[in-house]
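Q: CSV, C-alpha atoms and all ligand atoms, saved as my_file-v9.csv, coming up:
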```csv
chain,number,residue,atom,x,y,z
X,1,MET,CA,-9.4,21.7,-70.3
X,2,ALA,CA,-5.9,20.6,-69.6
X,3,ALA,CA,-6.6,16.9,-70.2
X,4,SER,CA,-7.4,17.4,-73.9
X,5,LEU,CA,-4.9,20.2,-74.4
X,6,ALA,CA,-2.8,20.2,-77.5
X,7,ILE,CA,0.7,21.6,-76.9
X,8,HIS,CA,2.7,22.4,-80.1
X,9,ARG,CA,6.4,22.7,-80.6
X,10,GLU,CA,8.4,25.7,-82.1
X,11,PRO,CA,6.2,28.8,-81.8
X,12,ARG,CA,7.0,31.8,-83.9
X,13,HIS,CA,9.7,33.9,-82.5
X,14,ALA,CA,7.7,37.1,-83.0
X,15,GLU,CA,4.7,35.7,-81.1
X,16,VAL,CA,6.9,34.6,-78.2
X,17,VAL,CA,8.4,38.1,-78.0
X,18,ARG,CA,5.0,39.6,-78.1
X,19,LEU,CA,3.7,37.5,-75.2
X,20,LEU,CA,6.8,37.9,-73.1
X,21,GLU,CA,6.8,41.7,-73.6
X,22,ARG,CA,3.2,41.9,-72.4
X,23,ALA,CA,4.3,39.9,-69.3
X,24,ALA,CA,7.4,42.1,-68.8
X,25,LEU,CA,9.7,39.0,-69.1
X,26,PRO,CA,13.1,39.0,-70.9
X,27,THR,CA,13.3,38.6,-74.7
X,28,SER,CA,16.6,40.1,-75.7
X,29,ASP,CA,18.6,36.9,-75.7
X,30,LEU,CA,16.1,34.8,-77.6
X,31,THR,CA,16.9,33.5,-81.1
X,32,ASP,CA,15.0,31.7,-83.8
X,33,GLU,CA,17.0,28.6,-83.0
X,34,ASP,CA,15.9,28.7,-79.3
X,35,MET,CA,12.3,28.2,-80.6
X,36,ARG,CA,13.0,24.5,-81.2
X,37,ASP,CA,12.9,24.0,-77.4
X,38,PHE,CA,9.8,26.2,-76.9
X,39,PHE,CA,6.2,25.1,-76.8
X,40,TYR,CA,2.8,26.8,-77.2
X,41,VAL,CA,-0.9,26.3,-76.9
X,42,GLY,CA,-3.5,28.0,-79.1
X,43,PRO,CA,-3.2,29.2,-82.7
X,44,ALA,CA,0.3,29.6,-84.2
X,45,ASN,CA,-0.4,33.3,-85.0
X,46,ALA,CA,-1.9,34.0,-81.6
X,47,PRO,CA,-0.7,31.6,-78.9
X,48,ILE,CA,-2.4,31.8,-75.5
X,49,GLY,CA,0.5,30.2,-73.6
X,50,ILE,CA,4.2,29.5,-74.1
X,51,VAL,CA,7.1,28.0,-72.3
X,52,GLY,CA,10.8,27.4,-73.1
X,53,VAL,CA,13.6,25.2,-72.1
X,54,GLN,CA,17.4,25.6,-72.5
X,55,LEU,CA,19.3,22.4,-72.3
X,56,TYR,CA,22.8,22.0,-70.8
X,57,GLY,CA,23.5,18.3,-70.5
X,58,ALA,CA,22.3,17.1,-67.1
X,59,ASP,CA,20.9,20.6,-66.3
X,60,ALA,CA,18.2,22.6,-67.9
X,61,LEU,CA,16.7,26.1,-67.5
X,62,LEU,CA,12.9,26.6,-67.7
X,63,ARG,CA,12.1,30.1,-68.9
X,64,SER,CA,9.5,32.3,-70.6
X,65,LEU,CA,6.3,30.7,-69.0
X,66,VAL,CA,3.3,32.9,-69.9
X,67,VAL,CA,-0.4,32.3,-70.1
X,68,THR,CA,-2.4,35.2,-71.4
X,69,GLN,CA,-4.4,36.9,-68.7
X,70,GLU,CA,-7.8,35.8,-70.0
X,71,HIS,CA,-6.8,32.1,-70.1
X,72,ARG,CA,-5.3,31.8,-66.7
X,73,ALA,CA,-6.4,29.5,-63.9
X,74,HIS,CA,-7.6,26.7,-66.3
X,75,GLY,CA,-4.5,24.5,-65.9
X,76,LEU,CA,-2.6,25.8,-68.9
X,77,GLY,CA,0.4,26.9,-66.9
X,78,ARG,CA,0.6,23.6,-65.2
X,79,ALA,CA,0.4,21.7,-68.5
X,80,LEU,CA,3.1,23.8,-70.1
X,81,VAL,CA,5.4,23.3,-67.1
X,82,GLU,CA,4.9,19.5,-67.3
X,83,ARG,CA,5.6,19.6,-71.1
X,84,ALA,CA,8.8,21.6,-70.5
X,85,GLU,CA,9.9,19.1,-67.8
X,86,GLN,CA,9.3,16.2,-70.1
X,87,HIS,CA,11.3,17.9,-72.9
X,88,ALA,CA,14.2,18.5,-70.4
X,89,ARG,CA,14.1,14.8,-69.4
X,90,GLU,CA,14.1,13.7,-73.0
X,91,GLY,CA,17.0,16.0,-73.6
X,92,GLY,CA,19.0,14.3,-70.9
X,93,ALA,CA,18.5,16.6,-68.0
X,94,SER,CA,18.1,15.4,-64.5
X,95,LYS,CA,17.6,18.8,-62.8
X,96,ILE,CA,15.7,21.8,-64.0
X,97,TYR,CA,16.3,25.4,-62.8
X,98,LEU,CA,14.4,28.7,-63.1
X,99,LEU,CA,14.3,32.3,-62.0
X,100,THR,CA,11.1,34.1,-61.3
X,101,THR,CA,9.9,37.3,-59.7
X,102,THR,CA,6.2,36.7,-60.2
X,103,ALA,CA,5.4,33.0,-59.8
X,104,GLU,CA,7.4,31.6,-57.0
X,105,SER,CA,4.5,30.1,-55.2
X,106,PHE,CA,3.1,28.6,-58.5
X,107,PHE,CA,6.4,26.8,-59.0
X,108,ARG,CA,6.8,25.8,-55.3
X,109,SER,CA,3.4,24.1,-55.5
X,110,ARG,CA,4.9,22.2,-58.5
X,111,ASP,CA,7.7,20.8,-56.3
X,112,TYR,CA,10.3,23.4,-57.2
X,113,VAL,CA,12.5,24.3,-54.2
X,114,PRO,CA,14.5,27.4,-53.4
X,115,THR,CA,18.1,26.8,-54.4
X,116,SER,CA,21.4,28.5,-53.6
X,117,ARG,CA,22.8,30.5,-56.5
X,118,ASP,CA,26.3,29.8,-55.4
X,119,GLY,CA,25.8,26.1,-56.0
X,120,ALA,CA,24.3,26.5,-59.4
X,121,PRO,CA,26.1,24.7,-62.3
X,122,LEU,CA,28.3,26.9,-64.4
X,123,ALA,CA,26.2,26.5,-67.5
X,124,ILE,CA,23.1,27.8,-65.6
X,125,ARG,CA,25.1,30.6,-64.0
X,126,SER,CA,26.4,31.6,-67.5
X,127,THR,CA,22.9,32.0,-69.0
X,128,PRO,CA,21.9,35.6,-69.8
X,129,GLU,CA,18.8,35.2,-67.6
X,130,PHE,CA,21.0,34.3,-64.6
X,131,ALA,CA,23.9,36.6,-65.4
X,132,GLY,CA,21.8,39.8,-65.6
X,133,LEU,CA,18.5,39.7,-67.5
X,134,CYS,CA,16.5,38.6,-64.4
X,135,PRO,CA,16.7,40.9,-61.4
X,136,ALA,CA,19.0,39.9,-58.6
X,137,SER,CA,15.9,39.8,-56.4
X,138,SER,CA,14.5,36.9,-58.5
X,139,ALA,CA,13.8,33.7,-56.7
X,140,PHE,CA,16.1,30.9,-57.9
X,141,LEU,CA,14.3,27.5,-57.8
X,142,SER,CA,15.1,24.0,-59.0
X,143,LYS,CA,13.5,20.6,-59.3
X,144,GLN,CA,14.9,17.1,-59.6
X,145,LEU,CA,13.5,15.5,-62.7
X,201,LIG,C1,2.3,31.7,-63.8
X,201,LIG,C2,1.3,31.5,-64.9
X,201,LIG,C3,2.0,31.0,-66.1
X,201,LIG,C4,0.3,30.4,-64.4
X,201,LIG,O1,-0.6,30.1,-65.5
X,201,LIG,P1,-2.1,29.5,-65.2
X,201,LIG,O2,-2.5,28.9,-66.5
X,201,LIG,O3,-2.9,30.5,-64.6
X,201,LIG,O4,-1.7,28.3,-64.2
X,201,LIG,P2,-2.6,27.1,-63.8
X,201,LIG,O5,-4.1,27.4,-64.2
X,201,LIG,O6,-2.0,25.9,-64.3
X,201,LIG,O7,-2.5,27.2,-62.2
X,201,LIG,C5,-2.1,26.1,-61.5
X,201,LIG,C6,-2.1,26.6,-60.0
X,201,LIG,O8,-1.3,27.6,-59.7
X,201,LIG,C7,-1.9,28.8,-59.2
X,201,LIG,N1,-1.3,30.0,-59.7
X,201,LIG,C8,-1.5,30.4,-61.0
X,201,LIG,N2,-0.7,31.5,-61.1
X,201,LIG,C9,0.0,31.7,-60.0
X,201,LIG,C10,0.9,32.7,-59.5
X,201,LIG,N3,1.4,33.7,-60.3
X,201,LIG,N4,1.4,32.6,-58.3
X,201,LIG,C11,0.9,31.6,-57.5
X,201,LIG,N5,0.0,30.7,-57.8
X,201,LIG,C12,-0.4,30.7,-59.1
X,201,LIG,C13,-3.4,28.5,-59.6
X,201,LIG,O9,-4.3,29.2,-58.6
X,201,LIG,C14,-3.5,27.0,-59.5
X,201,LIG,O10,-3.7,26.5,-58.2
X,201,LIG,P3,-4.3,25.1,-57.9
X,201,LIG,O11,-3.3,24.1,-58.6
X,201,LIG,O12,-4.3,25.0,-56.5
X,201,LIG,O13,-5.6,25.1,-58.6
X,201,LIG,C15,0.5,32.8,-65.2
X,201,LIG,O14,-0.1,33.3,-64.0
X,201,LIG,C16,1.3,33.8,-65.9
X,201,LIG,O15,1.4,33.8,-67.1
X,201,LIG,N6,1.9,34.8,-65.1
X,201,LIG,C17,2.7,35.9,-65.7
X,201,LIG,C18,4.0,35.4,-66.2
X,201,LIG,C19,4.8,34.8,-65.2
X,201,LIG,O16,4.8,35.1,-64.0
X,201,LIG,N7,5.6,33.7,-65.6
X,201,LIG,C20,6.5,33.0,-64.8
X,201,LIG,C21,7.9,33.5,-65.2
X,201,LIG,S1,9.1,32.2,-65.1
```
Translate this file's structure into structure tokens.

A:
Amino acid sequence: MAASLAIHREPRHAEVVRLLERAALPTSDLTDEDMRDFFYVGPANAPIGIVGVQLYGADALLRSLVVTQEHRAHGLGRALVERAEQHAREGGASKIYLLTTTAESFFRSRDYVPTSRDGAPLAIRSTPEFAGLCPASSAFLSKQL
């Protein structure tokens, strides 16, 4: 399935919010403009998977990864993460960070490693996700691109 998967750019903001709310992930800081660095699979009016990237020079934040329940375990999550990483590299990033409460082992099996919050770059620490939207108990992981 993943091999022939079409991943599209710029999902509709409302659809992204809908999927994130269903997965209990943060939405309040997302703007229409952010959608330029988001990707989706499935129909534009009913995506089955999404992921977003925020670019800060050499650093990037991966966020908002969701695959709808009925489409999980077919490689979509992995394909979306790979697309997000490619986008971050193309945008000039050499390291990508993320916060998660629900998918730490998924990301660790994709070569993400636990990372000290104290050593995080200022741009990443200043994101709404880092500064408060994600619970303090979230795992903080990073990967060299
Ligand atoms: C995490 C998520 C995106 C994975 O999507 P998916 O399409 O099922 O992932 P894949 O099919 O590509 O799975 C790849 C591998 O990860 C494993 N995996 C999937 N979800 C996992 C999870 N939550 N925790 C640990 N491992 C997971 C799969 O078993 C599979 O293992 P394999 O490579 O040994 O076969 C999906 O479970 C999801 O939407 N979860 C809710 C939202 C969430 O937690 N998002 C992350 C917030 S940053």

Q: Point out the residue among X:Ala60, X:Ala131, X:Leu122, X:Ile48 with the least atom-to-atom distance to Arg72 in chain X, counting all atoms listed in the file.

A: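 Looking only at the distances to Arg72 in chain X, the closest residue turns out to be X:Ile48.
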
Q: Can you pull out every residue with an atom within 6 Å of ligand LIG 201 (chain X)? Use all atoms listed in the file and format it as a list in words.

A: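 The residues near ligand LIG 201 (chain X) are Ala23, Arg63, Ser64, Leu65, Val66, Val67, Thr68, Arg72, Ala73, His74, Gly75, Leu76, Gly77, Arg78, Thr100, Thr102, Ala103, Ser105 and Phe106 of chain X.
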
Q: Could you put an axis-aligned box around every listed atom of range 92-103 of chain X, padded by 5 Å on each side, and send me its centre and edge lengths in Å to one decimal, as JSON?

A:
```
{"center_x": 12.2, "center_y": 25.8, "center_z": -65.3, "size_x": 23.6, "size_y": 33.0, "size_z": 21.2}
```

Q: Using all atoms listed in the file, determine which residues lie at most 12 Å from Ser137 in chain X, disregarding the query and same-chain residues fewer than 5 positions distant; provide the list as a PyMOL selection string.

A: chain X and resi 99-102+104+117+130+132

Q: With all atoms listed in the file as the counted atoms, please give the residues lying no more than 12 Å from Thr127 in chain X, apart from itself and same-chain residues fewer than 5 positions off, as a PyMOL selection string.

A: chain X and resi 29-30+53-56+59-63+97-99+120-122+132-134

Q: From the options X:Val17, X:Asp34, X:Gly52, X:Ala58, which residue's atoms come nearest to Ala93 in chain X, counting all atoms listed in the file?

A: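 With all atoms listed in the file as the atom set, the closest residue is X:Ala58.
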
Q: Measuring atom to atom with only C-alpha atoms, identify which of X:Arg110, X:Arg22, X:Arg83, X:Arg89 is nearest to Gln69 in chain X.

A: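 Distance minimum relative to Gln69 in chain X lands on X:Arg22.
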
Q: Interatomic distance between CA of Phe140 in chain X and CA of Pro114 in chain X?

A: 5.9 Å

Q: If I take CA of Lys143 in chain X and CA of Phe107 in chain X, how far is one from the other in Å, to one decimal?

A: 9.4 Å

Q: Can you measure CA of Arg9 in chain X to CA of Gln86 in chain X for me? One decimal in Å is fine.

A: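 About the pair CA of Arg9 in chain X and CA of Gln86 in chain X: they are 12.7 Å apart.
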
Q: Identify which of the residues X:Pro11, X:Gly91, X:Gly57, X:Pro26 lies closest to Asn45 in chain X, counting all atoms listed in the file when measuring atom-to-atom distances.

A: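 For Asn45 in chain X, the nearest of the candidates is X:Pro11.
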
Q: Using only C-alpha atoms, list the residues that have an atom at most 10 Å from (3.0, 38.9, -83.1), coordinates as in the file, as a short mmCIF file (atom, residue, chain, number, x, y, z; two decimals) with C-alpha atoms, keeping the file's coordinate frame.

A:
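point_16.cif was written with the following content:
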```
data_model
loop_
_atom_site.label_atom_id
_atom_site.label_comp_id
_atom_site.auth_asym_id
_atom_site.auth_seq_id
_atom_site.Cartn_x
_atom_site.Cartn_y
_atom_site.Cartn_z
CA ARG X 12 7.00 31.80 -83.90
CA HIS X 13 9.70 33.90 -82.50
CA ALA X 14 7.70 37.10 -83.00
CA GLU X 15 4.70 35.70 -81.10
CA VAL X 16 6.90 34.60 -78.20
CA VAL X 17 8.40 38.10 -78.00
CA ARG X 18 5.00 39.60 -78.10
CA LEU X 19 3.70 37.50 -75.20
CA ALA X 44 0.30 29.60 -84.20
CA ASN X 45 -0.40 33.30 -85.00
CA ALA X 46 -1.90 34.00 -81.60
CA PRO X 47 -0.70 31.60 -78.90
#
```

Q: Considering only C-alpha atoms, state which residue in the set X:Gly49, X:Ala136, X:Gly119, X:Gln144 is at the smallest distance from Glu85 in chain X.

A: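 Among the listed residues, the smallest separation from Glu85 in chain X belongs to X:Gln144.
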
Q: Dig up all the protein and nucleic acid residues within 6 Å of (11.6, 23.2, -54.8) in the file frame, using all atoms listed in the file, and format them as a VMD selection string.

A: chain X and resid 108 111 to 114 141 to 143

Q: Produce a file of the selected residues containing C-alpha atoms, as a compact mmCIF listing (two decimals), in the frame of the given file.

A:
```
# COMPACT_ATOMS: atom_id res chain seq x y z
CA ARG X 108 6.80 25.80 -55.30
CA ASP X 111 7.70 20.80 -56.30
CA TYR X 112 10.30 23.40 -57.20
CA VAL X 113 12.50 24.30 -54.20
CA PRO X 114 14.50 27.40 -53.40
CA LEU X 141 14.30 27.50 -57.80
CA SER X 142 15.10 24.00 -59.00
CA LYS X 143 13.50 20.60 -59.30
```

Q: Save N, CA and C atoms of range 73-118 of chain X from the block above as a PDB file, in the first residue's frame.

A:
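Output saved as selection-v1.pdb:
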```
ATOM      1  N   ALA X  73      -1.820   0.690  10.618  1.00  0.00           N
ATOM      2  CA  ALA X  73      -1.060  -0.556  10.458  1.00  0.00           C
ATOM      3  C   ALA X  73      -0.940  -1.005   9.004  1.00  0.00           C
ATOM      4  N   HIS X  74      -0.995  -0.043   8.059  1.00  0.00           N
ATOM      5  CA  HIS X  74      -0.740  -0.349   6.647  1.00  0.00           C
ATOM      6  C   HIS X  74       0.434   0.454   6.108  1.00  0.00           C
ATOM      7  N   GLY X  75       1.204   1.070   6.986  1.00  0.00           N
ATOM      8  CA  GLY X  75       2.382   1.799   6.536  1.00  0.00           C
ATOM      9  C   GLY X  75       2.154   3.276   6.251  1.00  0.00           C
ATOM     10  N   LEU X  76       0.927   3.762   6.454  1.00  0.00           N
ATOM     11  CA  LEU X  76       0.666   5.182   6.152  1.00  0.00           C
ATOM     12  C   LEU X  76       1.435   6.107   7.090  1.00  0.00           C
ATOM     13  N   GLY X  77       1.462   5.761   8.369  1.00  0.00           N
ATOM     14  CA  GLY X  77       2.168   6.598   9.340  1.00  0.00           C
ATOM     15  C   GLY X  77       3.633   6.722   8.968  1.00  0.00           C
ATOM     16  N   ARG X  78       4.232   5.574   8.646  1.00  0.00           N
ATOM     17  CA  ARG X  78       5.646   5.578   8.260  1.00  0.00           C
ATOM     18  C   ARG X  78       5.867   6.447   7.012  1.00  0.00           C
ATOM     19  N   ALA X  79       5.005   6.294   5.999  1.00  0.00           N
ATOM     20  CA  ALA X  79       5.167   7.059   4.756  1.00  0.00           C
ATOM     21  C   ALA X  79       5.014   8.566   5.012  1.00  0.00           C
ATOM     22  N   LEU X  80       4.087   8.935   5.884  1.00  0.00           N
ATOM     23  CA  LEU X  80       3.890  10.359   6.190  1.00  0.00           C
ATOM     24  C   LEU X  80       5.098  10.933   6.934  1.00  0.00           C
ATOM     25  N   VAL X  81       5.662  10.157   7.847  1.00  0.00           N
ATOM     26  CA  VAL X  81       6.858  10.625   8.570  1.00  0.00           C
ATOM     27  C   VAL X  81       8.014  10.807   7.583  1.00  0.00           C
ATOM     28  N   GLU X  82       8.178   9.860   6.658  1.00  0.00           N
ATOM     29  CA  GLU X  82       9.261   9.986   5.676  1.00  0.00           C
ATOM     30  C   GLU X  82       9.067  11.233   4.806  1.00  0.00           C
ATOM     31  N   ARG X  83       7.806  11.523   4.444  1.00  0.00           N
ATOM     32  CA  ARG X  83       7.531  12.721   3.632  1.00  0.00           C
ATOM     33  C   ARG X  83       7.841  13.989   4.430  1.00  0.00           C
ATOM     34  N   ALA X  84       7.470  13.977   5.696  1.00  0.00           N
ATOM     35  CA  ALA X  84       7.738  15.141   6.556  1.00  0.00           C
ATOM     36  C   ALA X  84       9.244  15.357   6.700  1.00  0.00           C
ATOM     37  N   GLU X  85       9.984  14.272   6.868  1.00  0.00           N
ATOM     38  CA  GLU X  85      11.441  14.391   7.012  1.00  0.00           C
ATOM     39  C   GLU X  85      12.063  14.930   5.720  1.00  0.00           C
ATOM     40  N   GLN X  86      11.573  14.450   4.585  1.00  0.00           N
ATOM     41  CA  GLN X  86      12.078  14.936   3.290  1.00  0.00           C
ATOM     42  C   GLN X  86      11.808  16.434   3.151  1.00  0.00           C
ATOM     43  N   HIS X  87      10.612  16.849   3.550  1.00  0.00           N
ATOM     44  CA  HIS X  87      10.244  18.270   3.470  1.00  0.00           C
ATOM     45  C   HIS X  87      11.155  19.107   4.374  1.00  0.00           C
ATOM     46  N   ALA X  88      11.435  18.596   5.564  1.00  0.00           N
ATOM     47  CA  ALA X  88      12.310  19.323   6.490  1.00  0.00           C
ATOM     48  C   ALA X  88      13.712  19.457   5.890  1.00  0.00           C
ATOM     49  N   ARG X  89      14.222  18.359   5.317  1.00  0.00           N
ATOM     50  CA  ARG X  89      15.551  18.410   4.677  1.00  0.00           C
ATOM     51  C   ARG X  89      15.561  19.418   3.542  1.00  0.00           C
ATOM     52  N   GLU X  90      14.534  19.378   2.704  1.00  0.00           N
ATOM     53  CA  GLU X  90      14.461  20.308   1.563  1.00  0.00           C
ATOM     54  C   GLU X  90      14.367  21.761   2.049  1.00  0.00           C
ATOM     55  N   GLY X  91      13.798  21.941   3.239  1.00  0.00           N
ATOM     56  CA  GLY X  91      13.674  23.281   3.802  1.00  0.00           C
ATOM     57  C   GLY X  91      14.927  23.734   4.530  1.00  0.00           C
ATOM     58  N   GLY X  92      15.957  22.905   4.540  1.00  0.00           N
ATOM     59  CA  GLY X  92      17.232  23.311   5.120  1.00  0.00           C
ATOM     60  C   GLY X  92      17.495  22.769   6.514  1.00  0.00           C
ATOM     61  N   ALA X  93      16.612  21.924   7.023  1.00  0.00           N
ATOM     62  CA  ALA X  93      16.805  21.412   8.390  1.00  0.00           C
ATOM     63  C   ALA X  93      17.763  20.226   8.397  1.00  0.00           C
ATOM     64  N   SER X  94      18.563  20.145   9.465  1.00  0.00           N
ATOM     65  CA  SER X  94      19.434  18.990   9.634  1.00  0.00           C
ATOM     66  C   SER X  94      19.023  18.175  10.857  1.00  0.00           C
ATOM     67  N   LYS X  95      18.060  18.706  11.628  1.00  0.00           N
ATOM     68  CA  LYS X  95      17.580  17.961  12.794  1.00  0.00           C
ATOM     69  C   LYS X  95      16.083  18.213  12.943  1.00  0.00           C
ATOM     70  N   ILE X  96      15.360  17.147  13.281  1.00  0.00           N
ATOM     71  CA  ILE X  96      13.905  17.286  13.425  1.00  0.00           C
ATOM     72  C   ILE X  96      13.505  16.807  14.820  1.00  0.00           C
ATOM     73  N   TYR X  97      12.598  17.530  15.449  1.00  0.00           N
ATOM     74  CA  TYR X  97      12.172  17.282  16.826  1.00  0.00           C
ATOM     75  C   TYR X  97      10.683  16.975  16.851  1.00  0.00           C
ATOM     76  N   LEU X  98      10.245  16.332  17.918  1.00  0.00           N
ATOM     77  CA  LEU X  98       8.793  16.167  18.113  1.00  0.00           C
ATOM     78  C   LEU X  98       8.482  15.876  19.569  1.00  0.00           C
ATOM     79  N   LEU X  99       7.233  16.132  19.922  1.00  0.00           N
ATOM     80  CA  LEU X  99       6.698  15.791  21.246  1.00  0.00           C
ATOM     81  C   LEU X  99       5.573  14.796  21.031  1.00  0.00           C
ATOM     82  N   THR X 100       5.522  13.768  21.870  1.00  0.00           N
ATOM     83  CA  THR X 100       4.402  12.831  21.739  1.00  0.00           C
ATOM     84  C   THR X 100       4.061  12.195  23.079  1.00  0.00           C
ATOM     85  N   THR X 101       2.792  11.978  23.309  1.00  0.00           N
ATOM     86  CA  THR X 101       2.362  11.219  24.487  1.00  0.00           C
ATOM     87  C   THR X 101       1.927   9.816  24.073  1.00  0.00           C
ATOM     88  N   THR X 102       1.665   9.605  22.789  1.00  0.00           N
ATOM     89  CA  THR X 102       0.981   8.387  22.356  1.00  0.00           C
ATOM     90  C   THR X 102       1.785   7.492  21.419  1.00  0.00           C
ATOM     91  N   ALA X 103       2.864   7.999  20.846  1.00  0.00           N
ATOM     92  CA  ALA X 103       3.510   7.225  19.783  1.00  0.00           C
ATOM     93  C   ALA X 103       5.025   7.193  19.944  1.00  0.00           C
ATOM     94  N   GLU X 104       5.498   7.199  21.207  1.00  0.00           N
ATOM     95  CA  GLU X 104       6.954   7.227  21.409  1.00  0.00           C
ATOM     96  C   GLU X 104       7.632   6.009  20.768  1.00  0.00           C
ATOM     97  N   SER X 105       7.073   4.819  20.962  1.00  0.00           N
ATOM     98  CA  SER X 105       7.765   3.635  20.425  1.00  0.00           C
ATOM     99  C   SER X 105       7.699   3.602  18.904  1.00  0.00           C
ATOM    100  N   PHE X 106       6.611   4.133  18.327  1.00  0.00           N
ATOM    101  CA  PHE X 106       6.526   4.250  16.859  1.00  0.00           C
ATOM    102  C   PHE X 106       7.697   5.082  16.341  1.00  0.00           C
ATOM    103  N   PHE X 107       7.944   6.240  16.977  1.00  0.00           N
ATOM    104  CA  PHE X 107       9.022   7.115  16.508  1.00  0.00           C
ATOM    105  C   PHE X 107      10.393   6.540  16.842  1.00  0.00           C
ATOM    106  N   ARG X 108      10.524   5.874  17.986  1.00  0.00           N
ATOM    107  CA  ARG X 108      11.832   5.298  18.325  1.00  0.00           C
ATOM    108  C   ARG X 108      12.213   4.237  17.314  1.00  0.00           C
ATOM    109  N   SER X 109      11.214   3.531  16.779  1.00  0.00           N
ATOM    110  CA  SER X 109      11.553   2.535  15.754  1.00  0.00           C
ATOM    111  C   SER X 109      11.841   3.193  14.404  1.00  0.00           C
ATOM    112  N   ARG X 110      11.615   4.492  14.304  1.00  0.00           N
ATOM    113  CA  ARG X 110      11.966   5.267  13.097  1.00  0.00           C
ATOM    114  C   ARG X 110      13.230   6.096  13.359  1.00  0.00           C
ATOM    115  N   ASP X 111      14.063   5.677  14.311  1.00  0.00           N
ATOM    116  CA  ASP X 111      15.372   6.300  14.606  1.00  0.00           C
ATOM    117  C   ASP X 111      15.288   7.634  15.337  1.00  0.00           C
ATOM    118  N   TYR X 112      14.166   7.929  15.956  1.00  0.00           N
ATOM    119  CA  TYR X 112      14.083   9.110  16.828  1.00  0.00           C
ATOM    120  C   TYR X 112      14.609   8.707  18.201  1.00  0.00           C
ATOM    121  N   VAL X 113      15.367   9.612  18.836  1.00  0.00           N
ATOM    122  CA  VAL X 113      15.957   9.289  20.137  1.00  0.00           C
ATOM    123  C   VAL X 113      15.502  10.301  21.187  1.00  0.00           C
ATOM    124  N   PRO X 114      15.336   9.836  22.443  1.00  0.00           N
ATOM    125  CA  PRO X 114      14.958  10.756  23.522  1.00  0.00           C
ATOM    126  C   PRO X 114      15.993  11.868  23.643  1.00  0.00           C
ATOM    127  N   THR X 115      15.505  13.080  23.875  1.00  0.00           N
ATOM    128  CA  THR X 115      16.361  14.261  23.800  1.00  0.00           C
ATOM    129  C   THR X 115      16.087  15.155  25.007  1.00  0.00           C
ATOM    130  N   SER X 116      17.132  15.768  25.541  1.00  0.00           N
ATOM    131  CA  SER X 116      16.973  16.663  26.688  1.00  0.00           C
ATOM    132  C   SER X 116      16.248  17.941  26.262  1.00  0.00           C
ATOM    133  N   ARG X 117      15.216  18.293  27.001  1.00  0.00           N
ATOM    134  CA  ARG X 117      14.489  19.538  26.687  1.00  0.00           C
ATOM    135  C   ARG X 117      15.381  20.756  26.888  1.00  0.00           C
ATOM    136  N   ASP X 118      16.266  20.661  27.884  1.00  0.00           N
ATOM    137  CA  ASP X 118      17.127  21.817  28.197  1.00  0.00           C
ATOM    138  C   ASP X 118      18.040  22.171  27.033  1.00  0.00           C
TER     139      ASP X 118
END
```
